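Student: One structure, pasted below without further comment.
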Amino acid sequence: MFELIGIPPQALFGQLLIGLINGAFYAMLSLGLAVIFGLLNIINFTHGAQYMMGAFVAYLCLTHLGLGYWGALIVAPILVGAFGILLERTMLHRLYKLDHLYGLLLTFGIALIVEGFFRHLYGSSGLPYAIPAELRGGYNLGFMFLPTYRAWVVVASVIVCFGTWFVIERTRLGAYLRAATENPTLVQAFGINVPRMITLTYGFGVALAAFAGVMAAPIYQVSPLMGANLIIVVFAVVVIGGMGSIMGAIVTGFALGVVEGLTKVFYPEASNTVIFVIMAIVLTIKPAGLFGRTA
Amino acid sequence: MAEPLLAIADLHAFYGESHALHGMNLEIRAGEVVTLLGRNGAGKSTTIKSIMGVMGRRSGSIRYQGQELIRLPSNAIARLGIAWCPEERGIFSSLDVRENLMLPPPVKPGGMAVDEIFTLFPNLKERLRSQGTKLSGGEQQMLAIARILRTGSTLLLLDEPTEGLAPVIIQQIGQVIRTLKQRGFTILLVEQNFRFAATVADRHYVVEHGRVIDMIENSELERNMERLHEYLGV
């Protein structure tokens, strides 16, 4: 078998694929965070818990209602998105005029409560969630084995991410959102119900996290701490991409997943820290992030 | 005499604890161009913001076509056919000129078609793909007026549209306001430049300390110039 720069191709492409999968989750989660931060000015620390809730709703639908993966991909975002809307209406909307720190502390507290609740009920070890029958198996590409489910995750997340980008950057609704990010008072004075748009945007961002959670359930297992482990890295991704930048969140999410995967091949010791090293470098050279606009 | 299109009675408005309007009273009839003249800080822009519903605390009465606006949110006020062009123009930097122009949704039938708008503001047609804030001050002002003409609103609140602009652009904006009046729009104009106001308006309200202290018909302006100079301190 041939080798690439001294690395067996199975190892290289295997890690590249894992990197892409992780990148797909980084991209979906940081995209939701970017959308929420852009319009609500809230650093949504509950995002990881909402991702975990998505996975749990999928698990509970399957075990209690017999509703499988495809149904959960629709039901979980709706239920968790509705939970997000409830949070926004009862708590978050009081904080918009305050410093970011208040939103961060509130959402951090909510994340701890939600995670504690699920840990109390289900313990902290992971619960299994089977890959749906249609997506089992894989393809032997010669240089590597490609599991069907993982290919699906990458393709589905690319579609979801670019669909969201398209709506925000290329449609009338997206123009309202971008304009309301800059000057909500004026957009409302044009006749748009901005408070409702903000609520629905938060619901959408949270639904995106839940969608990612369902996608993650068959790969990472369902565990109360699955979001907490991921969210710190996702925040680093958002900072590197540029707070509030949609394209920045998507591209940086995928790219950093791949960088992390490649680091596992070439210098495994650094694979857990490489994203934070990049974050430090980006913050030093371009504090607004790679895709962020300097104010 | 016909029912006024807009009637403001004993309007008070507040910025936090600061009391900005102290019992404002004024009326505008359909098809009129009326200006609010006054020194900086007199309460002219605050009056417009109060009509539009973007001030925090207000009390008193603002009736538009007989309907009370004082408790309505600004999006509901806009839907009645009132459009606002703010002093700072409010051009969105993340939107290009076309997106800025198309942003306000139609609220009433009969809004101007985009081609008609380009006849009034030919410069904008050349700049459709530019980022909104890359336009010159004059072009931004034109864009800020142009975009509210699409909506079908018939009462336009224009806050200092000539501020900081070159004389040739001010003339162009004056021409646009006269054209809009001919087409039946009702316009409430905040101005510090009374020489410009005299070329477009039917009547002038003089505002001081958050209330109207005088009303001068435009035809009487020449005869009352001394009085006006005293009010405005010019």
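Letters for chains follow the order of the structure tokens (A, B, ...), residue numbers begin at 1 for each chain, and ligand numbers begin at 1 in the order shown.
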Determine which residues of chain B sit within 6 Å of chain A, taking into account only C-alpha atoms, and present them as a PyMOL selection string.

Tutor: chain B and resi 74-75+78-79+104

Student: Using C-alpha atoms, can you export the residues from the last selection as an mmCIF file, in the first residue's frame?

Tutor:
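For reference, part-v7.cif as written:
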```cif
data_model
loop_
_atom_site.group_PDB
_atom_site.id
_atom_site.type_symbol
_atom_site.label_atom_id
_atom_site.label_comp_id
_atom_site.auth_asym_id
_atom_site.auth_seq_id
_atom_site.Cartn_x
_atom_site.Cartn_y
_atom_site.Cartn_z
ATOM 1 C CA SER B 74 -43.908 51.614 15.707
ATOM 2 C CA ASN B 75 -44.515 48.696 13.322
ATOM 3 C CA ALA B 78 -45.962 52.289 9.939
ATOM 4 C CA ARG B 79 -48.688 49.914 8.735
ATOM 5 C CA PRO B 104 -39.368 48.641 3.746
#
```

Student: Please report, as a list in words, each residue of stretch 42-181 of chain A to which DSSP assigns strand (DSSP E or B) when run on this structure's backbone.

Tutor: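 Output for stretch 42-181 of chain A, strand (DSSP E or B) only: Leu127, Gly138, Tyr139, Asn140, Phe145, Leu146 and Pro147 of chain A.
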
Student: So that I can see what lies close to stretch 216-227 of chain A, please list as a list in words the residues with an atom at most 7 Å from it, counting only C-alpha atoms and leaving out residues fewer than 4 positions away in the same chain.

Tutor: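 Answer for this query is Gly48, Ala49, Tyr51, Met52, Ala55, Phe56, Glu115, Phe118, Arg119, Ser124, Ser125, Gly126, Leu127, Pro128, Tyr129, Ala130, Ile131, Ala212 and Ile231 of chain A.
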
Student: Using C-alpha atoms, can you export the residues from the last selection as a CSV table (one decimal), in the first residue's frame?

Tutor:
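Wrote it out as part16.csv, contents follow:
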```csv
chain,number,residue,atom,x,y,z
A,48,GLY,CA,-24.5,23.0,23.9
A,49,ALA,CA,-27.3,22.0,26.2
A,51,TYR,CA,-27.8,20.4,21.2
A,52,MET,CA,-27.8,17.7,23.9
A,55,ALA,CA,-30.2,14.1,21.0
A,56,PHE,CA,-32.2,13.3,24.0
A,115,GLU,CA,-27.6,19.5,32.0
A,118,PHE,CA,-30.8,15.3,32.4
A,119,ARG,CA,-27.9,13.9,34.4
A,124,SER,CA,-23.8,10.7,32.9
A,125,SER,CA,-22.8,7.6,30.9
A,126,GLY,CA,-23.9,7.6,27.3
A,127,LEU,CA,-27.1,6.0,26.0
A,128,PRO,CA,-26.9,4.2,22.7
A,129,TYR,CA,-28.8,5.4,19.6
A,130,ALA,CA,-28.7,3.1,16.6
A,131,ILE,CA,-27.9,4.4,13.1
A,212,ALA,CA,-27.2,18.8,15.1
A,231,ILE,CA,-19.5,24.1,23.3
```

Student: Give me the residues within 10 Å of stretch 212-220 of chain B as a PyMOL selection string, counting only C-alpha atoms and dropping any in the same chain fewer than 3 places off.

Tutor: chain B and resi 21-26+34-38+42-44+197-209+223-225+227-228+231

Student: Export, as a PDB file, in the first residue's frame, the selected residues with C-alpha atoms.

Tutor:
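Written output follows (part-v4.pdb):
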```
ATOM      1  CA  LEU B  21     -41.800  67.561  24.916  1.00  0.00           C
ATOM      2  CA  HIS B  22     -43.956  69.753  27.152  1.00  0.00           C
ATOM      3  CA  GLY B  23     -47.453  69.736  25.698  1.00  0.00           C
ATOM      4  CA  MET B  24     -46.911  69.835  21.936  1.00  0.00           C
ATOM      5  CA  ASN B  25     -49.943  70.766  19.826  1.00  0.00           C
ATOM      6  CA  LEU B  26     -50.109  70.788  16.035  1.00  0.00           C
ATOM      7  CA  VAL B  34     -45.551  71.554   7.109  1.00  0.00           C
ATOM      8  CA  THR B  35     -42.211  72.286   8.737  1.00  0.00           C
ATOM      9  CA  LEU B  36     -41.081  72.276  12.310  1.00  0.00           C
ATOM     10  CA  LEU B  37     -38.574  75.083  12.743  1.00  0.00           C
ATOM     11  CA  GLY B  38     -36.565  75.661  15.862  1.00  0.00           C
ATOM     12  CA  ALA B  42     -36.092  72.373  20.783  1.00  0.00           C
ATOM     13  CA  GLY B  43     -37.946  69.059  20.366  1.00  0.00           C
ATOM     14  CA  LYS B  44     -38.441  68.873  16.577  1.00  0.00           C
ATOM     15  CA  ALA B 197     -38.177  75.406   4.310  1.00  0.00           C
ATOM     16  CA  ALA B 198     -39.678  78.539   2.736  1.00  0.00           C
ATOM     17  CA  THR B 199     -39.215  77.077  -0.749  1.00  0.00           C
ATOM     18  CA  VAL B 200     -41.245  73.919  -0.072  1.00  0.00           C
ATOM     19  CA  ALA B 201     -43.677  74.392   2.836  1.00  0.00           C
ATOM     20  CA  ASP B 202     -47.242  75.635   3.239  1.00  0.00           C
ATOM     21  CA  ARG B 203     -46.925  76.404   6.933  1.00  0.00           C
ATOM     22  CA  HIS B 204     -44.263  76.521   9.616  1.00  0.00           C
ATOM     23  CA  TYR B 205     -44.576  75.632  13.269  1.00  0.00           C
ATOM     24  CA  VAL B 206     -41.940  77.213  15.476  1.00  0.00           C
ATOM     25  CA  VAL B 207     -40.887  74.865  18.277  1.00  0.00           C
ATOM     26  CA  GLU B 208     -39.138  75.916  21.473  1.00  0.00           C
ATOM     27  CA  HIS B 209     -38.634  74.081  24.771  1.00  0.00           C
ATOM     28  CA  ARG B 223     -43.548  89.829   6.635  1.00  0.00           C
ATOM     29  CA  ASN B 224     -42.630  87.935   9.794  1.00  0.00           C
ATOM     30  CA  MET B 225     -38.955  87.522   9.120  1.00  0.00           C
ATOM     31  CA  ARG B 227     -40.051  87.495  14.429  1.00  0.00           C
ATOM     32  CA  LEU B 228     -38.595  84.325  12.973  1.00  0.00           C
ATOM     33  CA  TYR B 231     -37.130  82.724  17.508  1.00  0.00           C
TER      34      TYR B 231
END
```

Student: Set the distance at 12 Å and use only C-alpha atoms: which residues neighbour A:Val277 once local chain neighbours fewer than 3 positions away are removed? I'd like the list as a ChimeraX atom specification.

Tutor: /A:233,236-237,240,256,259-260,270-274,280-284

Student: Neighbouring residues of stretch 148-155 of chain A were defined as those with any atom within 8 Å, considering only C-alpha atoms; residues of the same chain fewer than 5 positions away were excluded. Please report them as a ChimeraX atom specification.

Tutor: /A:20-21,24,131,135-139,215

Student: Name the residues of stretch 11-112 of chain B that come out as helix (DSSP H, G or I) in a backbone DSSP run; write them as a list in words.

Tutor: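 Residues of stretch 11-112 of chain B classed as helix (DSSP H, G or I): Lys44, Ser45, Thr46, Thr47, Ile48, Lys49, Ser50, Ile51, Met52, Ser74, Asn75, Ala76, Ile77, Ala78, Arg79, Val97, Arg98, Glu99, Asn100, Leu101 and Met102 of chain B.
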
Student: For stretch 127-139 of chain B, work out the shell of residues within 10 Å, counting only C-alpha atoms and skipping chain neighbours fewer than 3 positions away, then give it as a ChimeraX atom specification.

Tutor: /B:89-101,121-124,142-145,161-166,168-170,172-173

Student: Hey, can you spit out that residue selection with C-alpha atoms as a PDB file, in the first residue's frame?

Tutor:
```pdb
ATOM      1  CA  ARG B  89     -30.615  58.595   7.418  1.00  0.00           C
ATOM      2  CA  GLY B  90     -30.378  55.006   8.624  1.00  0.00           C
ATOM      3  CA  ILE B  91     -28.755  53.489   5.545  1.00  0.00           C
ATOM      4  CA  PHE B  92     -27.797  49.879   6.333  1.00  0.00           C
ATOM      5  CA  SER B  93     -24.123  49.122   5.737  1.00  0.00           C
ATOM      6  CA  SER B  94     -24.657  45.361   5.445  1.00  0.00           C
ATOM      7  CA  LEU B  95     -27.147  45.885   2.595  1.00  0.00           C
ATOM      8  CA  ASP B  96     -26.416  47.108  -0.922  1.00  0.00           C
ATOM      9  CA  VAL B  97     -28.358  50.015  -2.437  1.00  0.00           C
ATOM     10  CA  ARG B  98     -30.967  47.775  -4.039  1.00  0.00           C
ATOM     11  CA  GLU B  99     -31.570  45.913  -0.769  1.00  0.00           C
ATOM     12  CA  ASN B 100     -31.791  49.211   1.126  1.00  0.00           C
ATOM     13  CA  LEU B 101     -34.284  50.491  -1.426  1.00  0.00           C
ATOM     14  CA  PHE B 121     -33.422  60.020  -8.121  1.00  0.00           C
ATOM     15  CA  PRO B 122     -31.462  59.075 -11.263  1.00  0.00           C
ATOM     16  CA  ASN B 123     -28.158  58.769  -9.331  1.00  0.00           C
ATOM     17  CA  LEU B 124     -29.430  55.762  -7.393  1.00  0.00           C
ATOM     18  CA  MET B 142     -31.937  60.390  -1.542  1.00  0.00           C
ATOM     19  CA  LEU B 143     -31.911  56.650  -0.858  1.00  0.00           C
ATOM     20  CA  ALA B 144     -33.420  57.243   2.583  1.00  0.00           C
ATOM     21  CA  ILE B 145     -36.299  59.210   1.015  1.00  0.00           C
ATOM     22  CA  PRO B 161     -33.131  66.004   4.945  1.00  0.00           C
ATOM     23  CA  THR B 162     -30.802  68.859   3.939  1.00  0.00           C
ATOM     24  CA  GLU B 163     -28.431  68.678   6.895  1.00  0.00           C
ATOM     25  CA  GLY B 164     -24.789  68.798   5.846  1.00  0.00           C
ATOM     26  CA  LEU B 165     -25.521  68.668   2.112  1.00  0.00           C
ATOM     27  CA  ALA B 166     -24.128  70.823  -0.705  1.00  0.00           C
ATOM     28  CA  VAL B 168     -26.924  71.841  -5.377  1.00  0.00           C
ATOM     29  CA  ILE B 169     -28.131  68.666  -3.612  1.00  0.00           C
ATOM     30  CA  ILE B 170     -30.385  70.726  -1.326  1.00  0.00           C
ATOM     31  CA  GLN B 172     -32.528  68.711  -5.833  1.00  0.00           C
ATOM     32  CA  ILE B 173     -34.171  67.548  -2.597  1.00  0.00           C
TER      33      ILE B 173
END
```

Student: Report, in Å to a single decimal, how far apart atom CA of A:Gly241 and atom CA of A:Ile18 are.

Tutor: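 Straight-line distance from atom CA of A:Ile18 to atom CA of A:Gly241 works out to 20.7 Å.
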